[in-house]
$ cat entry-v1.cif   # mmCIF, C-alpha atoms
data_my_file
loop_
_atom_site.label_atom_id
_atom_site.label_comp_id
_atom_site.auth_asym_id
_atom_site.auth_seq_id
_atom_site.Cartn_x
_atom_site.Cartn_y
_atom_site.Cartn_z
CA MET A 572 -20.36 13.45 -13.52
CA LEU A 573 -19.39 14.55 -17.04
CA ASP A 574 -15.99 15.32 -18.46
CA LYS A 575 -15.50 18.15 -20.97
CA GLU A 576 -16.44 15.88 -23.88
CA GLY A 577 -19.58 14.87 -22.00
CA ILE A 578 -20.61 18.51 -21.53
CA ALA A 579 -20.08 19.07 -25.27
CA LYS A 580 -22.08 15.94 -26.07
CA ARG A 581 -25.01 17.14 -23.95
CA ILE A 582 -24.95 20.62 -25.50
CA ALA A 583 -24.90 19.09 -28.99
CA LYS A 584 -28.47 17.91 -28.27
CA GLU A 585 -29.52 21.56 -27.99
CA VAL A 586 -28.43 22.41 -31.52
CA LYS A 587 -31.43 22.53 -33.82
CA ASN A 588 -31.58 21.67 -37.50
CA ASN A 589 -30.92 24.40 -40.10
CA THR A 590 -29.40 26.96 -37.75
CA TYR A 591 -26.45 29.34 -37.68
CA VAL A 592 -24.29 28.81 -34.59
CA ASN A 593 -21.32 30.61 -33.05
CA LEU A 594 -19.05 28.49 -30.86
CA GLY A 595 -16.75 30.02 -28.25
CA ILE A 596 -13.26 28.84 -27.34
CA GLY A 597 -12.78 25.72 -25.19
CA ILE A 598 -15.60 23.26 -24.46
CA PRO A 599 -17.96 24.99 -26.95
CA THR A 600 -15.57 24.19 -29.82
CA LEU A 601 -15.97 20.47 -29.00
CA VAL A 602 -19.74 20.63 -29.58
CA ALA A 603 -19.19 20.44 -33.34
CA ASN A 604 -17.83 16.89 -32.88
CA TYR A 605 -21.07 15.56 -31.39
CA LEU A 606 -23.84 16.91 -33.60
CA HIS A 607 -26.53 14.36 -34.21
CA GLU A 608 -27.06 12.76 -37.58
CA GLY A 609 -29.26 14.83 -39.87
CA ILE A 610 -28.63 18.07 -38.00
CA ASN A 611 -27.63 20.66 -40.56
CA VAL A 612 -25.70 23.51 -38.96
CA CYS A 613 -23.63 26.38 -40.29
CA PHE A 614 -20.89 27.58 -37.93
CA GLN A 615 -19.89 31.23 -37.84
CA SER A 616 -16.50 32.35 -36.64
CA GLU A 617 -16.52 36.03 -35.68
CA ASN A 618 -13.13 36.73 -37.23
CA GLY A 619 -14.94 36.52 -40.55
CA LEU A 620 -16.04 33.11 -41.78
CA LEU A 621 -19.41 31.49 -42.23
CA GLY A 622 -19.26 27.77 -43.01
CA VAL A 623 -16.39 26.73 -40.74
CA GLY A 624 -15.28 23.18 -41.51
CA PRO A 625 -13.11 20.69 -39.62
CA PHE A 626 -9.45 21.25 -38.81
CA PRO A 627 -7.32 20.77 -41.96
CA LYS A 628 -5.12 17.83 -42.80
CA GLU A 629 -1.48 18.74 -42.28
CA TYR A 630 -0.94 19.32 -46.03
CA ALA A 631 -3.93 21.67 -46.26
CA VAL A 632 -3.01 24.06 -43.42
CA ASP A 633 -3.57 27.68 -44.53
CA PRO A 634 -2.24 30.45 -42.26
CA ASP A 635 -4.86 32.81 -43.72
CA THR A 636 -7.77 30.61 -42.61
CA ILE A 637 -8.24 30.49 -38.84
CA ASN A 638 -11.10 30.52 -36.34
CA ALA A 639 -11.66 33.06 -33.54
CA GLY A 640 -9.51 30.87 -31.28
CA LYS A 641 -6.69 31.32 -33.82
CA GLN A 642 -6.67 27.64 -34.72
CA THR A 643 -6.17 26.68 -38.35
CA ILE A 644 -9.46 25.53 -39.88
CA THR A 645 -11.04 24.75 -43.24
CA ALA A 646 -13.90 26.44 -45.07
CA LEU A 647 -16.70 24.13 -46.22
CA PRO A 648 -18.19 24.27 -49.72
CA GLY A 649 -20.62 27.20 -49.65
CA ALA A 650 -18.55 29.12 -47.08
CA SER A 651 -18.10 32.88 -47.24
CA SER A 652 -15.52 35.22 -45.77
CA PHE A 653 -16.13 38.83 -44.77
CA ASP A 654 -14.73 41.70 -42.73
CA SER A 655 -15.18 42.14 -38.98
CA ALA A 656 -17.93 44.79 -39.25
CA MET A 657 -20.06 42.50 -41.38
CA SER A 658 -19.32 39.65 -39.00
CA PHE A 659 -20.62 41.61 -36.01
CA GLY A 660 -23.37 43.00 -38.19
CA MET A 661 -24.75 39.48 -38.61
CA ILE A 662 -24.43 38.95 -34.85
CA HIS A 663 -26.18 42.19 -33.86
CA SER A 664 -28.90 41.85 -36.49
CA LYS A 665 -29.73 38.49 -34.87
CA LYS A 666 -28.91 36.26 -37.82
CA ILE A 667 -27.05 33.88 -35.47
CA ASP A 668 -29.51 31.47 -33.87
CA LEU A 669 -27.38 30.12 -31.05
CA THR A 670 -24.26 31.20 -29.17
CA ILE A 671 -22.41 28.70 -27.00
CA LEU A 672 -19.67 30.09 -24.79
CA GLY A 673 -17.69 29.51 -21.63
CA ALA A 674 -17.92 31.51 -18.40
CA MET A 675 -16.10 32.18 -15.15
CA GLU A 676 -19.34 33.07 -13.33
CA VAL A 677 -23.07 33.14 -14.07
CA SER A 678 -25.62 34.77 -11.78
CA GLU A 679 -29.17 33.63 -11.08
CA ASN A 680 -30.56 36.48 -13.21
CA GLY A 681 -28.50 35.41 -16.22
CA ASP A 682 -25.55 37.80 -15.92
CA ILE A 683 -22.28 36.39 -17.22
CA ALA A 684 -18.65 37.19 -16.40
CA ASN A 685 -15.88 35.71 -18.52
CA TRP A 686 -13.28 38.27 -19.51
CA LYS A 687 -11.33 39.67 -16.59
CA ILE A 688 -10.06 38.92 -13.08
CA PRO A 689 -9.06 42.34 -11.71
CA GLY A 690 -5.36 42.52 -10.81
CA LYS A 691 -4.73 38.96 -12.03
CA MET A 692 -5.84 38.17 -15.52
CA VAL A 693 -6.82 40.55 -18.28
CA LYS A 694 -7.28 38.91 -21.63
CA GLY A 695 -10.12 41.01 -22.92
CA MET A 696 -13.67 40.36 -23.99
CA GLY A 697 -12.95 39.67 -27.65
CA GLY A 698 -16.33 39.20 -29.31
CA ALA A 699 -18.09 37.93 -26.18
CA MET A 700 -19.79 41.22 -25.20
CA ASP A 701 -21.22 41.53 -28.71
CA LEU A 702 -22.39 37.92 -28.80
CA VAL A 703 -24.13 38.00 -25.42
CA ALA A 704 -25.74 41.39 -26.16
CA SER A 705 -27.49 40.17 -29.29
CA ALA A 706 -27.73 36.37 -29.46
CA LYS A 707 -31.23 34.93 -29.74
CA HIS A 708 -30.24 31.99 -27.54
CA ILE A 709 -27.20 31.65 -25.26
CA ILE A 710 -25.97 28.43 -23.69
CA VAL A 711 -23.05 28.51 -21.27
CA ALA A 712 -20.70 25.54 -21.14
CA MET A 713 -18.62 25.49 -17.97
CA GLN A 714 -17.47 23.66 -14.87
CA HIS A 715 -19.88 24.02 -11.95
CA VAL A 716 -17.09 25.04 -9.53
CA ASN A 717 -13.75 26.80 -10.11
CA LYS A 718 -10.28 25.39 -9.42
CA ALA A 719 -10.50 26.61 -5.81
CA GLY A 720 -13.69 24.57 -5.38
CA GLU A 721 -15.98 27.63 -5.26
CA SER A 722 -19.31 27.67 -7.04
CA LYS A 723 -19.50 29.55 -10.35
CA LEU A 724 -23.31 29.74 -10.15
CA LEU A 725 -23.86 32.72 -7.90
CA ALA A 726 -26.63 34.99 -6.61
CA LYS A 727 -24.61 37.86 -8.09
CA CYS A 728 -21.39 37.83 -10.14
CA ASP A 729 -18.27 39.04 -8.30
CA LEU A 730 -16.18 39.49 -11.46
CA PRO A 731 -16.65 42.28 -14.02
CA LEU A 732 -19.64 41.44 -16.22
CA THR A 733 -19.59 40.53 -19.90
CA GLY A 734 -23.35 40.95 -20.22
CA LYS A 735 -26.51 41.30 -18.17
CA ASN A 736 -29.65 39.12 -18.12
CA CYS A 737 -28.59 37.19 -21.19
CA VAL A 738 -27.81 33.55 -20.31
CA LYS A 739 -30.72 31.16 -20.92
CA ARG A 740 -29.20 27.75 -20.15
CA ILE A 741 -26.08 26.37 -18.44
CA VAL A 742 -24.59 22.93 -18.94
CA THR A 743 -21.95 21.80 -16.43
CA GLU A 744 -20.34 18.51 -15.43
CA LEU A 745 -23.16 18.13 -12.87
CA ALA A 746 -26.34 19.45 -14.41
CA VAL A 747 -28.42 21.25 -17.01
CA ILE A 748 -29.79 24.45 -15.50
CA ASP A 749 -32.06 27.17 -16.88
CA ILE A 750 -32.31 30.75 -15.73
CA ALA A 751 -35.85 31.43 -14.48
CA PRO A 752 -37.41 34.58 -15.98
CA GLU A 753 -37.93 35.93 -12.44
CA GLY A 754 -34.42 34.83 -11.39
CA GLY A 755 -32.98 31.61 -9.97
CA PHE A 756 -31.29 28.48 -11.30
CA VAL A 757 -33.91 25.95 -12.41
CA LEU A 758 -32.56 22.41 -12.25
CA ILE A 759 -33.54 20.65 -15.48
CA GLU A 760 -31.38 17.51 -15.55
CA ARG A 761 -28.75 15.75 -13.45
CA ALA A 762 -25.56 14.34 -14.99
CA PRO A 763 -25.32 10.53 -14.81
CA GLY A 764 -24.63 9.39 -11.25
CA VAL A 765 -24.96 12.88 -9.76
CA SER A 766 -27.35 13.49 -6.86
CA ILE A 767 -29.48 16.58 -6.27
CA GLU A 768 -27.56 17.03 -3.03
CA GLN A 769 -24.26 17.31 -4.96
CA ILE A 770 -25.74 19.94 -7.27
CA LYS A 771 -27.17 21.88 -4.31
CA ASN A 772 -23.77 21.89 -2.60
CA ALA A 773 -22.03 23.15 -5.75
CA THR A 774 -24.56 25.95 -6.44
CA ALA A 775 -24.18 29.15 -4.41
CA GLY A 776 -27.15 30.93 -5.99
CA LYS A 777 -30.82 30.04 -5.52
CA LEU A 778 -31.46 26.55 -6.95
CA LEU A 779 -35.06 25.82 -7.91
CA ILE A 780 -36.08 22.15 -7.91
CA ASN A 781 -39.51 21.34 -9.26
CA GLY A 782 -40.60 17.71 -8.98
CA ASP A 783 -38.50 14.77 -10.15
CA ILE A 784 -35.27 15.74 -11.90
CA PRO A 785 -34.40 13.31 -14.69
CA GLU A 786 -30.90 12.08 -15.43
CA MET A 787 -29.39 13.29 -18.71
CA ALA A 788 -29.62 11.04 -21.71
CA LEU A 789 -26.48 11.43 -23.81
CA MET B 4 -4.00 57.66 -62.07
CA ILE B 5 -2.82 59.02 -58.75
CA TYR B 6 0.66 57.82 -57.87
CA LYS B 7 0.71 55.59 -54.78
CA LEU B 8 3.53 53.18 -55.27
CA VAL B 9 6.34 53.34 -52.73
CA LYS B 10 9.56 51.34 -52.90
CA ASP B 11 9.31 49.36 -49.67
CA ALA B 12 8.10 49.31 -46.08
CA ALA B 13 10.78 51.75 -44.89
CA ALA B 14 9.62 54.32 -47.46
CA ALA B 15 5.96 53.70 -46.61
CA VAL B 16 6.38 54.40 -42.88
CA ALA B 17 9.11 57.08 -43.19
CA ASP B 18 6.90 59.95 -41.95
CA ILE B 19 5.29 58.13 -39.01
CA THR B 20 6.42 60.24 -36.07
CA ASP B 21 6.70 59.48 -32.36
CA GLY B 22 3.33 59.76 -30.65
CA SER B 23 1.30 58.82 -33.73
CA THR B 24 -1.96 56.86 -33.57
CA LEU B 25 -1.86 53.78 -35.78
CA MET B 26 -4.51 51.33 -36.86
CA LEU B 27 -3.01 47.92 -37.57
CA GLY B 28 -5.00 45.27 -39.41
CA GLY B 29 -5.07 41.59 -38.52
CA PHE B 30 -6.73 39.08 -36.21
CA GLY B 31 -4.18 37.38 -34.00
CA LEU B 32 -1.24 36.96 -36.37
CA CYS B 33 -3.52 36.42 -39.36
CA GLY B 34 -3.39 39.19 -41.96
CA ILE B 35 -1.00 41.48 -40.07
CA PRO B 36 1.22 44.00 -41.91
CA GLU B 37 4.48 42.18 -41.11
CA ASN B 38 6.72 44.35 -43.28
CA CYS B 39 5.51 47.68 -41.89
CA ILE B 40 5.71 46.50 -38.26
CA GLN B 41 9.33 45.50 -38.88
CA ALA B 42 10.08 48.84 -40.57
CA ILE B 43 8.56 50.82 -37.66
CA LEU B 44 10.63 48.71 -35.28
CA GLU B 45 13.84 49.44 -37.22
CA LYS B 46 13.00 53.12 -37.56
CA GLY B 47 12.81 53.49 -33.78
CA THR B 48 9.38 55.17 -33.66
CA THR B 49 8.02 55.26 -30.15
CA ASN B 50 5.22 56.49 -27.90
CA LEU B 51 2.67 54.98 -30.27
CA THR B 52 -1.04 54.48 -29.76
CA CYS B 53 -2.02 51.25 -31.54
CA ILE B 54 -5.57 50.33 -32.48
CA SER B 55 -5.53 46.64 -33.28
CA ASN B 56 -7.75 43.71 -32.36
CA ASN B 57 -4.85 41.90 -30.68
CA ALA B 58 -1.35 42.69 -29.51
CA GLY B 59 0.55 39.94 -31.29
CA VAL B 60 2.50 37.30 -29.40
CA ASP B 61 5.66 37.92 -27.39
CA ASP B 62 8.03 37.72 -30.35
CA PHE B 63 5.88 38.49 -33.39
CA GLY B 64 3.47 41.11 -34.68
CA ILE B 65 2.79 44.08 -32.40
CA GLY B 66 4.48 42.04 -29.65
CA LEU B 67 7.80 43.12 -31.21
CA LEU B 68 6.92 46.79 -30.64
CA LEU B 69 5.72 46.04 -27.10
CA GLN B 70 8.94 44.26 -26.20
CA GLN B 71 10.90 47.41 -27.04
CA LYS B 72 8.38 49.57 -25.15
CA ARG B 73 7.41 51.55 -28.22
CA VAL B 74 3.71 51.44 -27.43
CA LYS B 75 2.17 53.96 -25.04
CA LYS B 76 -1.39 52.81 -25.45
CA MET B 77 -3.19 49.83 -26.98
CA ILE B 78 -6.83 49.80 -27.99
CA SER B 79 -7.77 46.13 -28.49
CA SER B 80 -10.48 43.56 -27.82
CA TYR B 81 -8.35 40.57 -26.83
CA VAL B 82 -4.78 40.50 -25.63
CA GLY B 83 -4.24 36.97 -24.30
CA GLU B 84 -1.30 34.92 -25.57
CA ASN B 85 1.14 37.75 -24.85
CA GLU B 86 2.95 37.59 -21.49
CA GLU B 87 4.95 40.78 -21.93
CA PHE B 88 1.74 42.65 -22.70
CA GLU B 89 0.01 41.31 -19.59
CA ARG B 90 3.08 42.18 -17.48
CA GLN B 91 3.21 45.79 -18.79
CA LEU B 92 -0.52 46.13 -18.32
CA LEU B 93 -0.66 44.82 -14.75
CA SER B 94 2.41 46.88 -13.76
CA GLY B 95 0.82 50.02 -15.20
CA GLU B 96 3.60 50.68 -17.78
CA LEU B 97 1.17 50.35 -20.66
CA GLU B 98 -2.15 52.08 -21.03
CA VAL B 99 -4.79 49.73 -22.39
CA GLU B 100 -8.35 50.27 -23.50
CA LEU B 101 -10.15 46.98 -23.96
CA ILE B 102 -13.30 47.26 -26.03
CA PRO B 103 -15.71 44.72 -27.52
CA GLN B 104 -14.55 43.34 -30.86
CA GLY B 105 -17.68 44.46 -32.69
CA THR B 106 -17.28 47.95 -31.23
CA LEU B 107 -13.71 48.02 -32.51
CA ALA B 108 -14.93 47.04 -35.97
CA PHE B 109 -17.84 49.52 -35.96
CA ARG B 110 -15.65 52.41 -34.75
CA CYS B 111 -13.31 51.75 -37.69
CA MET B 112 -16.29 51.42 -40.02
CA ALA B 113 -17.78 54.69 -38.77
CA ALA B 114 -14.51 56.51 -39.48
CA GLY B 115 -14.39 55.01 -42.97
CA TYR B 116 -17.98 56.02 -43.74
CA GLY B 117 -17.64 59.54 -42.34
CA MET B 118 -20.04 58.85 -39.47
CA PRO B 119 -19.11 60.44 -36.12
CA ALA B 120 -20.51 57.61 -34.00
CA ILE B 121 -22.56 54.42 -33.85
CA PHE B 122 -24.89 52.78 -31.31
CA THR B 123 -24.22 49.23 -30.12
CA PRO B 124 -25.71 47.01 -27.39
CA ALA B 125 -22.29 45.45 -26.68
CA GLY B 126 -21.08 46.33 -23.19
CA VAL B 127 -24.39 47.62 -21.79
CA GLY B 128 -24.45 47.00 -18.03
CA THR B 129 -20.67 46.35 -17.91
CA GLU B 130 -17.66 48.50 -17.07
CA VAL B 131 -17.36 49.26 -20.81
CA ALA B 132 -20.48 51.41 -20.45
CA VAL B 133 -19.09 53.59 -17.65
CA GLY B 134 -19.16 57.27 -18.61
CA LYS B 135 -20.78 56.60 -21.99
CA GLU B 136 -23.96 58.08 -23.33
CA SER B 137 -26.69 55.50 -23.87
CA ARG B 138 -30.06 55.52 -25.52
CA ILE B 139 -33.07 53.22 -25.65
CA PHE B 140 -34.36 52.10 -29.05
CA ASP B 141 -37.41 49.79 -29.12
CA GLY B 142 -36.97 49.06 -25.43
CA LYS B 143 -33.32 47.98 -25.69
CA GLU B 144 -30.35 49.97 -24.45
CA TYR B 145 -27.44 50.91 -26.74
CA LEU B 146 -24.13 52.67 -26.09
CA LEU B 147 -22.91 55.59 -28.16
CA GLU B 148 -19.42 54.78 -29.47
CA THR B 149 -17.44 57.34 -31.44
CA ALA B 150 -15.50 56.85 -34.68
CA PHE B 151 -11.76 56.30 -34.37
CA ASN B 152 -9.38 59.03 -35.39
CA ALA B 153 -6.09 57.52 -36.55
CA ASP B 154 -3.11 59.22 -38.19
CA PHE B 155 -2.20 56.10 -40.14
CA ALA B 156 -3.97 52.87 -41.02
CA ILE B 157 -1.56 50.05 -41.89
CA VAL B 158 -3.12 47.07 -43.62
CA LYS B 159 -2.08 43.88 -45.33
CA ALA B 160 -3.82 42.57 -48.44
CA TRP B 161 -3.40 39.49 -50.60
CA LYS B 162 -3.39 41.30 -53.94
CA GLY B 163 -3.29 44.93 -54.87
CA ASP B 164 -2.62 47.14 -57.87
CA THR B 165 -0.66 50.36 -58.21
CA ASP B 166 -3.92 52.35 -58.09
CA GLY B 167 -4.39 51.09 -54.53
CA ASN B 168 -7.20 48.60 -55.15
CA LEU B 169 -7.07 45.73 -52.67
CA ILE B 170 -8.27 42.13 -52.44
CA PHE B 171 -8.00 40.18 -49.20
CA LYS B 172 -7.86 36.44 -48.71
CA SER B 173 -10.06 34.31 -46.44
CA THR B 174 -9.98 35.28 -42.74
CA ALA B 175 -6.89 37.44 -43.32
CA ARG B 176 -9.48 40.05 -44.34
CA ASN B 177 -10.80 40.72 -40.80
CA PHE B 178 -10.20 44.38 -39.79
CA ASN B 179 -8.02 45.24 -42.79
CA PRO B 180 -10.62 46.70 -45.20
CA LEU B 181 -12.32 48.61 -42.35
CA MET B 182 -9.08 50.17 -41.21
CA ALA B 183 -8.04 50.89 -44.80
CA MET B 184 -11.11 53.11 -45.08
CA ALA B 185 -10.50 54.80 -41.74
CA GLY B 186 -6.93 56.12 -41.73
CA LYS B 187 -6.02 59.73 -42.50
CA ILE B 188 -3.18 58.09 -44.40
CA THR B 189 -3.57 54.44 -45.35
CA ILE B 190 -0.57 52.26 -46.11
CA ALA B 191 -1.19 48.90 -47.76
CA GLU B 192 1.36 46.13 -48.07
CA VAL B 193 0.38 43.35 -50.43
CA GLU B 194 1.65 39.88 -51.20
CA GLU B 195 1.27 40.42 -54.91
CA LEU B 196 1.29 43.81 -56.61
CA VAL B 197 -0.01 44.05 -60.17
CA GLU B 198 -0.58 46.72 -62.82
CA PRO B 199 -3.98 48.45 -63.06
CA GLY B 200 -6.48 46.42 -65.10
CA ILE B 201 -5.34 43.00 -63.93
CA LEU B 202 -7.71 42.79 -60.96
CA ASP B 203 -11.40 42.35 -61.76
CA PRO B 204 -13.26 45.51 -60.59
CA ASP B 205 -16.10 43.29 -59.33
CA GLN B 206 -13.73 41.46 -57.00
CA ILE B 207 -12.14 44.51 -55.33
CA HIS B 208 -12.74 44.67 -51.57
CA THR B 209 -11.14 48.09 -50.97
CA PRO B 210 -11.32 50.69 -53.76
CA GLY B 211 -8.03 52.49 -54.35
CA ILE B 212 -9.35 55.87 -53.21
CA TYR B 213 -8.84 54.76 -49.60
CA VAL B 214 -5.21 53.74 -50.09
CA HIS B 215 -2.48 56.37 -50.15
CA ARG B 216 0.62 54.19 -50.32
CA ILE B 217 1.12 50.68 -51.58
CA PHE B 218 4.04 48.31 -51.97
CA GLU B 219 4.72 44.63 -52.44
CA GLY B 220 5.88 43.08 -49.16
CA LYS B 221 8.73 40.60 -48.82
CA ASN B 222 9.44 37.39 -46.92
CA TYR B 223 6.03 36.86 -45.36
CA GLU B 224 6.38 34.49 -42.45
CA LYS B 225 2.60 34.22 -41.81
CA ARG B 226 3.23 32.63 -38.47
CA ILE B 227 0.46 30.34 -37.23
CA GLU B 228 -0.52 30.85 -33.61
CA LYS B 229 -2.33 27.55 -33.09
CA ARG B 230 -1.59 25.04 -35.80
CA THR B 231 -4.45 22.57 -35.42
CA THR B 232 -4.90 19.63 -37.75
CA SER B 233 -7.08 16.56 -38.12
CA LYS B 234 -5.80 13.10 -38.98
#
$ encode --input "entry-v1.cif" --output "structure tokens"
Amino acid sequence: MLDKEGIAKRIAKEVKNNTYVNLGIGIPTLVANYLHEGINVCFQSENGLLGVGPFPKEYAVDPDTINAGKQTITALPGASSFDSAMSFGMIHSKKIDLTILGAMEVSENGDIANWKIPGKMVKGMGGAMDLVASAKHIIVAMQHVNKAGESKLLAKCDLPLTGKNCVKRIVTELAVIDIAPEGGFVLIERAPGVSIEQIKNATAGKLLINGDIPEMAL
Amino acid sequence: MIYKLVKDAAAAVADITDGSTLMLGGFGLCGIPENCIQAILEKGTTNLTCISNNAGVDDFGIGLLLQQKRVKKMISSYVGENEEFERQLLSGELEVELIPQGTLAFRCMAAGYGMPAIFTPAGVGTEVAVGKESRIFDGKEYLLETAFNADFAIVKAWKGDTDGNLIFKSTARNFNPLMAMAGKITIAEVEELVEPGILDPDQIHTPGIYVHRIFEGKNYEKRIEKRTTSK
């Protein structure tokens, strides 16, 4: 079973060379720490920066330079800043190659819910509805089950949707799973030490298992 | 040139009446018009509709107006990090319209460009789409979203001149230039105000025609929401 860092490490393998990538808040942010050598990536932050660098040293903290999670960051050489319309313009015109974000629920047809629990939690969608509506490739980073032990991979989302038919791949502490074009969760890889039985038990939606399922290499 | 200089924040917001619709620039606490928010707070203006990406934190930014129940309605994309906001929302005291961040930006942009509406795929198939007109282009569905209509746009810039030209810094730019273009009356507070001719015309982000009032702000706190550093 993977911890959060492990999920980020596995997703880092999905990031291709010479691509523009938008990272969501939480586990997705950690992906930047595990990029493989020689992988050249430019990170976009939807509050208006292309070329997001590492967190600053204490002496270099700039309150005017933050990421979409409101953390202080640095801008790399070659970075550019822009207004929010241009930022979402580059998202909707499909200039961003990969979006990695968290989720509360994903359904077997690729619907995602991650912005609201009616009556309990209302934080808002931020840029997530834009990102999932237009990203060329979407990977969800999340825990397989919620804090109550219930599966987050469902036949149909119970929570209000962020987007429909958009998720392509899910990486959890237990597995790598793809959304089949005709619907269903296709098991691609098992996390180290995790059995198919464990994954089956944690997946409420239709799990498709074709042949031998390899263990992840990290 | 057309006279735009006002003495301070109090003078800039003096004619904002109860029940006005305001656009407020900023992302989180980054690039927010601190001086004007404080002046509106001191002036006692209430029953406001605020269009702003976020709602500040409990004790800073728009959060200050929320605490004193001056806000009737918020139109935002993300309102986490503010307990008082969430309490007022869940108890029904505050009316809230949550919209996708890109939609927020494009609705400001549309107002600034004189376009009545835009089409966006954000929110298709979600509760955001309920009651909205949609249209298919090249096999993909888009929602019709209308331009905002705000009485005042209140923005914060890094540098400005007395003709109203503005330059923003780094990610403090965010919604500010879009909102500056979109207000019926636009108020700009700047960290550094200079005479015309000092700023390079090629570096101006917001041409002065969009700005009706400008002043140099004081005592910027620029509070950081999540100070994150590396060793």
$ closest_residue --input "entry-v1.cif" --among "A:Gly776, A:Gly577, A:Gly764, A:Gly690" --to "chain B" --atoms "only C-alpha atoms"
A:Gly690
$ resolve_selection --input "entry-v1.cif" --expression "the PyMOL selection byres ((chain B) within 6 of (chain A))" --output "NGL selection string"
:B and (33 or 80-83 or 103-105 or 108-109 or 124-126 or 129 or 173-178 or 227 or 229-233)
$ closest_residue --input "entry-v1.cif" --among "A:Gly720, A:Glu679, A:Val738, A:Lys707" --to "A:Gly754" --atoms "all atoms listed in the file"
A:Glu679
$ residues_around --input "entry-v1.cif" --residues "B:Phe63" --least-positions-apart "6" --cutoff "12 Å" --atoms "only C-alpha atoms" --output "PyMOL selection string"
chain B and resi 31-33+35-38+40-41+44+57+69-70+84-85+87+224-228
$ residues_around --input "entry-v1.cif" --residues "B:Ala183" --least-positions-apart "6" --cutoff "7 Å" --atoms "all atoms listed in the file" --output "VMD selection string"
chain B and resid 156 158 189 213 to 214
$ atom_distance --input "entry-v1.cif" --atom1 "atom CA of B:Asn168" --atom2 "atom CA of B:Gly186"
15.4 Å
$ resolve_selection --input "entry-v1.cif" --expression "the PyMOL selection byres ((chain A and resi 669) around 12)" --output "PDB file with C-alpha atoms, keeping the file's coordinate frame"
ATOM      1  CA  ILE A 582     -24.950  20.620 -25.500  1.00  0.00           C
ATOM      2  CA  ALA A 583     -24.900  19.090 -28.990  1.00  0.00           C
ATOM      3  CA  GLU A 585     -29.520  21.560 -27.990  1.00  0.00           C
ATOM      4  CA  VAL A 586     -28.430  22.410 -31.520  1.00  0.00           C
ATOM      5  CA  LYS A 587     -31.430  22.530 -33.820  1.00  0.00           C
ATOM      6  CA  ASN A 588     -31.580  21.670 -37.500  1.00  0.00           C
ATOM      7  CA  ASN A 589     -30.920  24.400 -40.100  1.00  0.00           C
ATOM      8  CA  THR A 590     -29.400  26.960 -37.750  1.00  0.00           C
ATOM      9  CA  TYR A 591     -26.450  29.340 -37.680  1.00  0.00           C
ATOM     10  CA  VAL A 592     -24.290  28.810 -34.590  1.00  0.00           C
ATOM     11  CA  ASN A 593     -21.320  30.610 -33.050  1.00  0.00           C
ATOM     12  CA  LEU A 594     -19.050  28.490 -30.860  1.00  0.00           C
ATOM     13  CA  GLY A 595     -16.750  30.020 -28.250  1.00  0.00           C
ATOM     14  CA  PRO A 599     -17.960  24.990 -26.950  1.00  0.00           C
ATOM     15  CA  VAL A 612     -25.700  23.510 -38.960  1.00  0.00           C
ATOM     16  CA  CYS A 613     -23.630  26.380 -40.290  1.00  0.00           C
ATOM     17  CA  PHE A 614     -20.890  27.580 -37.930  1.00  0.00           C
ATOM     18  CA  GLN A 615     -19.890  31.230 -37.840  1.00  0.00           C
ATOM     19  CA  ILE A 662     -24.430  38.950 -34.850  1.00  0.00           C
ATOM     20  CA  LYS A 665     -29.730  38.490 -34.870  1.00  0.00           C
ATOM     21  CA  LYS A 666     -28.910  36.260 -37.820  1.00  0.00           C
ATOM     22  CA  ILE A 667     -27.050  33.880 -35.470  1.00  0.00           C
ATOM     23  CA  ASP A 668     -29.510  31.470 -33.870  1.00  0.00           C
ATOM     24  CA  THR A 670     -24.260  31.200 -29.170  1.00  0.00           C
ATOM     25  CA  ILE A 671     -22.410  28.700 -27.000  1.00  0.00           C
ATOM     26  CA  LEU A 672     -19.670  30.090 -24.790  1.00  0.00           C
ATOM     27  CA  LEU A 702     -22.390  37.920 -28.800  1.00  0.00           C
ATOM     28  CA  VAL A 703     -24.130  38.000 -25.420  1.00  0.00           C
ATOM     29  CA  SER A 705     -27.490  40.170 -29.290  1.00  0.00           C
ATOM     30  CA  ALA A 706     -27.730  36.370 -29.460  1.00  0.00           C
ATOM     31  CA  LYS A 707     -31.230  34.930 -29.740  1.00  0.00           C
ATOM     32  CA  HIS A 708     -30.240  31.990 -27.540  1.00  0.00           C
ATOM     33  CA  ILE A 709     -27.200  31.650 -25.260  1.00  0.00           C
ATOM     34  CA  ILE A 710     -25.970  28.430 -23.690  1.00  0.00           C
ATOM     35  CA  VAL A 711     -23.050  28.510 -21.270  1.00  0.00           C
ATOM     36  CA  VAL A 738     -27.810  33.550 -20.310  1.00  0.00           C
ATOM     37  CA  LYS A 739     -30.720  31.160 -20.920  1.00  0.00           C
ATOM     38  CA  ARG A 740     -29.200  27.750 -20.150  1.00  0.00           C
TER      39      ARG A 740
END
$ resolve_selection --input "entry-v1.cif" --expression "the PyMOL selection byres ((chain B and resi 7) around 8)" --output "list in words"
Ile5, Tyr6, Leu8, Val9, Thr165, Asp166, Gly167, Val214, His215, Arg216 and Ile217 of chain B
$ write_last_selection --input "entry-v1.cif" --atoms "C-alpha atoms" --output "tab-separated table (two decimals), in the frame of the given file"
chain	number	residue	atom	x	y	z
B	5	ILE	CA	-2.82	59.02	-58.75
B	6	TYR	CA	0.66	57.82	-57.87
B	8	LEU	CA	3.53	53.18	-55.27
B	9	VAL	CA	6.34	53.34	-52.73
B	165	THR	CA	-0.66	50.36	-58.21
B	166	ASP	CA	-3.92	52.35	-58.09
B	167	GLY	CA	-4.39	51.09	-54.53
B	214	VAL	CA	-5.21	53.74	-50.09
B	215	HIS	CA	-2.48	56.37	-50.15
B	216	ARG	CA	0.62	54.19	-50.32
B	217	ILE	CA	1.12	50.68	-51.58
